[in-house]
Amino acid sequence: KKVFCYIENEEGEVLGVQGMIPFELHVGKQLMLSAKSETSYLAQSTQGKGLFKKLYQKTLDDAHTNGIDHVWGFTSLGPVWKKLGFEVQNTSLFQ
């Protein structure tokens with residue numbers, strides 16, 4: 001299953017989307033379910049209003065509900081992710 005989230009306004013217009021693609025990782029002898037964070041999209045009209053943080057948190061909550069404990073991805077926006085509370089190393093983010 002793919003964890004996917006979007007937020008729409010009262011008129012049904014999609015304002016932002018965020019997806020996660022689940023991957024099974026072998027860690028030692030254990031199999032761990034993780035997810036790769038996919039590209040995030042947010043309508044320009046909503047930027048700077050805190051909507052992205054809410055959207056991403058909802059997606060993380062859904063991922064955790066589906067048994068995903070480790071979220072990772074690749075990004076060139078390190079300062080943005082750090083502001084949201086992620087650990088960023090080079091171009092990778094971790095939660």
# chains A, B, ... in the order shown; residues from 1 in each chain; ligands from 1

$ select_by_dssp --residues "chain A" --states "alpha helix (DSSP H)" --output "PyMOL selection string"
chain A and resi 51-65+78-83

$ residues_around --residues "Phe23 of chain A" --least-positions-apart "6" --cutoff "10 Å" --atoms "only C-alpha atoms" --output "NGL selection string"
:A and (1-2 or 32-36 or 68 or 70-71)

$ residues_around --residues "segment 7-10 of chain A" --least-positions-apart "4" --cutoff "9 Å" --atoms "only C-alpha atoms" --output "list in words"
Val14, Leu15, Gly16, Val17, Leu51 and Leu55 of chain A

$ select_by_dssp --residues "segment 26-95 of chain A" --states "strand (DSSP E)" --output "list in words"
His26, Val27, Gln30, Leu31, Met32, Leu33, Ser34, Ala35, Lys36, Ser37, Tyr41, Leu42, His70, Val71, Trp72, Gly73, Phe74, Glu87, Val88, Gln89, Ser92, Leu93 and Phe94 of chain A

$ closest_residue --among "A:Thr39, A:Leu60, A:Lys54, A:Gly19" --to "Ser76 of chain A" --atoms "only C-alpha atoms"
A:Thr39

$ residues_around --residues "Leu84 of chain A" --least-positions-apart "2" --cutoff "12 Å" --atoms "only C-alpha atoms" --output "list of chain:residue names"
A:Gly50, A:Leu51, A:Phe52, A:Lys53, A:Lys54, A:Leu55, A:Tyr56, A:Gln57, A:Leu77, A:Gly78, A:Pro79, A:Val80, A:Trp81, A:Lys82, A:Phe86, A:Glu87, A:Val88, A:Leu93, A:Phe94, A:Gln95

$ closest_residue --among "A:Gln18, A:Thr59, A:Asp69, A:Thr46" --to "Leu31 of chain A" --atoms "only C-alpha atoms"
A:Asp69

$ atom_distance --atom1 "atom CA of Leu25 of chain A" --atom2 "atom CA of Ser37 of chain A"
14.8 Å
